[in-house]
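One structure is given here, and the rest of the page talks about it.
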Amino acid sequence: MSILIVFKLLGSLALLMFGMKSMSEALQKMAGPQLRHVLGAMTTNRVTGMLTGTLVTASVQSSTATTVMTVSFVNAGLLTLAQAISVIMGANIGTTLTAWIMSAGMSFDITSAVYPAFFIGIILIYLKKYRYIGDFLFGLSFLLLGLGTLRVTGQDMHLGENQALLHFFASFDPTSFVTTIVFLLLGGLLTFCVQSSAAVMAITMILCSSGALPIYQGIALVLGENIGTTVTSNLAALSANTQARRAAFAHMFFNVFGVIWVLIAFRPFIDMVCGWVGYDVDMTKDAVSASAFMANAAKLTFVLAAFHTTFNVVNTAILIWFIPQIEKFVCWVIKPKRVDEEEDFRLHFITAGFMKTPELSVLEAQKEISSFSERMQRMFGMVQELLNLSSSAHSKDKNNEQDFNKLFSRIEKYESISDNMELEIARYLENVSDAHLSDETKAKIRAMLREVSELESIGDSCYNMARTINRKYSAKQDHFIEKQYEHLHQMMGLTDQSLTQMNQLLGGRKEAYNVNRTFNIENEINNYRNQLKAQNIIDVNNHEYTYAEGTIYIDLVNECEKLGDYVVNVVEARMGMRQREA
C-alpha cells in the first residue's frame, strides 16, 4: 500500500467529517430558532417527543445538536427529564439518515454531481440573502466528494485481495461470541478516538463492501460505534450540571441496552435485515464468479444502513414504554451535587466541550443570563432583609448583630459572584462570536453582552445599598423613623416588581412580553423618587430627623431608582430596542 493511497484515505475521511460538520452548522443557521420552538412545543407525550427528536435530528444532521437543545430545555424547566429521554430516543433514529446518505455515496459515483453543486454554492454564498443555502451545498458537496474519493480509494486498495488483511480477519472465528465482543469493543474504541461515528461507519462500509470484512464483524463494529459515541457525550457532560449528566447517561443506557438484546439475537436479527436488502449471507468467494461476489458485497453498505435504522427503531419501540423507569434509574445513579450556592462560582449551563455548535451555544448563554438575573433578584431580596434587620439595631441583641453581619457577608459574596458571572459569560460569548454565525445570532450576542453588563450593574447597586445600610448600622446611629422605613419598603417593593418583570422576560419568549409594564413601573419609581426627595427636605427642615440621616435615606432611594434604570436597559437589550439617552 503506497503512502499516497494512505493520504488519500485520510484526506477523504477528513473531507467527510468536515462536510458533515459544515452541513450541520448551515442547517442550524437556517432553521435553528424554528427547530428550538418545535422542540419546545411538540413534546407533549413520549411519542410526540420521539417523533420530534427524529425530525429535528434528521433536519440538522446532528444528534449531538438535538441532545444539547434538549438538555438546555430541561435545565430551563421547559421539558421534564422523561420528555428529554423520549427526544434523545428519536435523535438516535434521526441520526441513521446519515448512514443512508453514506451508503448511497459508497454505492454510486456521485463525484460528477459535486462540482456543479460547488459552483452553485459559491454563487449563493456571495448572494448574502442565500449564503446559508450556499454553506449547506458546500458542506453536502464536501461530504459527497469525501464519500466518492473514499469509495475509489477503497477500490484502489484492493482490500478484498489483500492477503495480510484477509488473514487477519480470518484469524477470528466468525461463529465465536468472543469475536463479536472484540469487534464491538474495537468499534467503540475507534469512535471514541476519532470522535466521529460517521468516519468509523465509512471505514466499516469500505471494509465490508470490498469483501475483506465479514458482515457479522462489520455489524459488531457498528454496534461499538453506538456505544463509543455515547462515551464521548458522557465525558463531555462530567463538568455539566446534574440534568445534563442524567440526559447523557440515559443516552448511554439506551444504546447499551440495545446492544445487549441484539447480541442475544445476533445472527437471526442480522439474517433478517440481510434478507430485506437482498444480500446472500452464505455466498462465498470460491463458489461464484468474482463479479457476482463483488455485486453481492456491494449491497453490504445498504445492509449496514438498514441494520443501523432497524436496530434503533426496534430499540426505541421497546424502551419508549419504560421511560418513567429509565428516568428513576438515571436519577438513582446520578445524584445531584451538593454545593453551597453562595460558594458556587461555576456557571450552570455553559460547559466547555458540551457545546458543539455556535448557534446552540447562544441558547445555553441565554439560560445562563436568565440564571444570572434570578440571582440578582435574590441579592436584592437580601438587601431588603438587611434593611429589616437594621431596624432592630436599637435592641442591641447579639443574635441580631450576628444575623446582620452574616447576611451582609452573603451579599458581599453575591457581588463577587456577579462580577465573575459577567466576565465568564462575556468571555464565552466572545469565543462564540469568533465562529461563523447568522446575522440574527450576531445581533443576539451583542444584546446579550449588553444584558450581562447591566445585570452586573444591578449587583453593584444592591451592594451599594447594603454598604450604606451597614455603614449606618455599624456607626450605631439612630435608626430611621417609621415613616422612612415605610417609604423605603414601598420603593423597594416597586424595584422588586421591575426585577420580577425582567426575569419573566429573560426566562420566556419576548414575543409574549408586554414591555409597557416595565416602562410603567419605571415611571412609578421615578415619580416616587421625586416625591420622596421633596418630602425629605420638608422633614429635615421640620427636624423629624437629622440632615445626615436624610442623606443616607435619599442615597437608598436614589440607588433603587438607578437599579430600576438598569432593569429597563436589560429589557430594552432583550427586546432589541436601542438604549435611551440618560
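All residue names refer to the C-alpha cells as shown: chains lettered A, B, ... in order, residues numbered from 1 in each chain, ligands numbered from 1 in order.
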Inset, instruction - Write out as an MDAnalysis selection string the residues lying within 7 Å of region 453-457 of chain A, counting only C-alpha atoms and excluding same-chain residues fewer than 4 positions away. - result: chainID A and resid 373 418:419 422 449 461 566 569:570
Those residues with C-alpha atoms, as a tab-separated table (two decimals), in the first residue's frame please?
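Result file selection.tsv:
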```
chain	number	residue	atom	x	y	z
A	373	SER	CA	-30.87	37.65	36.51
A	418	SER	CA	-21.95	38.78	39.85
A	419	ASP	CA	-18.53	40.11	38.78
A	422	GLU	CA	-20.29	38.86	33.94
A	449	LEU	CA	-23.22	41.32	26.15
A	461	SER	CA	-26.43	48.77	43.12
A	566	TYR	CA	-30.52	49.12	34.80
A	569	ASN	CA	-31.69	48.68	29.98
A	570	VAL	CA	-31.74	44.86	30.27
```
Inset, instruction - Find the spatial neighbours of region 511-519 of chain A, counting only C-alpha atoms, within a cut-off of 12 Å - ignore same-chain residues fewer than 2 positions away - and output them as a PyMOL selection string. - result: chain A and resi 494-509+521-526+564-577
Inset, instruction - Using only C-alpha atoms, find the one residue out of A:His167, A:Arg410, A:Arg151, A:Arg446 that sits nearest to Met205 (chain A). - result: A:Arg151
Legend entry - Residues within 12 Å of region 481-492 of chain A, only C-alpha atoms, excluding chain neighbours under 3 positions, as number ranges by chain: A: 377, 380-392, 462, 465, 469, 477-478, 495-499, 521-522, 524-533, 535-536, 539-540, 543-546, 549-564
Inset, instruction - Mind checking which residues fall within 10 Å of Cys274 (chain A), counting only C-alpha atoms, ignoring those fewer than 4 positions away in the same chain, and posting them as a PyMOL selection string? - result: chain A and resi 215+268-270+278-281+299-300+302-304+306-307
How would the residues just chosen look if you wrote them out with C-alpha atoms as a compact mmCIF listing (two decimals), in the first residue's frame?
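The resulting part-v4.txt:
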```txt
# COMPACT_ATOMS: atom_id res chain seq x y z
CA ILE A 215 -20.85 -8.89 7.65
CA PRO A 268 -31.11 -14.23 13.33
CA PHE A 269 -31.57 -10.44 13.51
CA ILE A 270 -28.76 -9.76 11.01
CA GLY A 278 -31.37 -8.98 -0.79
CA TYR A 279 -27.87 -9.83 0.40
CA ASP A 280 -26.86 -13.51 0.29
CA VAL A 281 -25.15 -14.25 3.62
CA LYS A 299 -25.07 -4.47 -1.12
CA LEU A 300 -23.33 -4.53 2.27
CA PHE A 302 -27.17 -0.85 2.45
CA VAL A 303 -27.19 -3.78 4.87
CA LEU A 304 -25.22 -1.68 7.39
CA ALA A 306 -30.66 -0.87 7.17
CA PHE A 307 -29.31 -2.58 10.31
```
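A straight line drawn from CA of Thr66 (chain A) to CA of Thr52 (chain A) is 9.7 Å long.
Proximity to region 169-174 of chain A at 9 Å, evaluated using only C-alpha atoms and with sequence-adjacent residues fewer than 5 positions away removed, yields Ala164, Thr179, Thr180, Ala212, Leu213, Pro214, Tyr216 and Gln217 of chain A.
Closest approach to Lys444 (chain A) from the set A:Ser176, A:Ser103, A:Gln402, A:Ser361 is made by A:Ser361, with distances taken over only C-alpha atoms.
Between Ser209 (chain A) and the residues A:Ala295, A:Ile93, A:Leu223, A:Met421, the shortest atom-to-atom distance, using only C-alpha atoms, involves A:Ala295.
When CA of Ile318 (chain A) is paired with CA of Phe257 (chain A), their separation reads 10.2 Å.
Here CA of Val222 (chain A) is placed at a distance of 9.6 Å from CA of Ala305 (chain A).
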Legend entry - 6 Å contact set for Ala26 (chain A), only C-alpha atoms, chain neighbours under 6 positions out, as a PyMOL selection string: chain A and resi 132+135-136
Generate a file of the selected residues that holds C-alpha atoms, formatted as a compact mmCIF listing (two decimals), in the first residue's frame.
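The resulting file, out_32.txt, is shown below:
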```txt
# COMPACT_ATOMS: atom_id res chain seq x y z
CA TYR A 132 -26.66 29.69 4.32
CA ASP A 135 -22.91 26.89 3.02
CA PHE A 136 -25.20 23.84 3.11
```
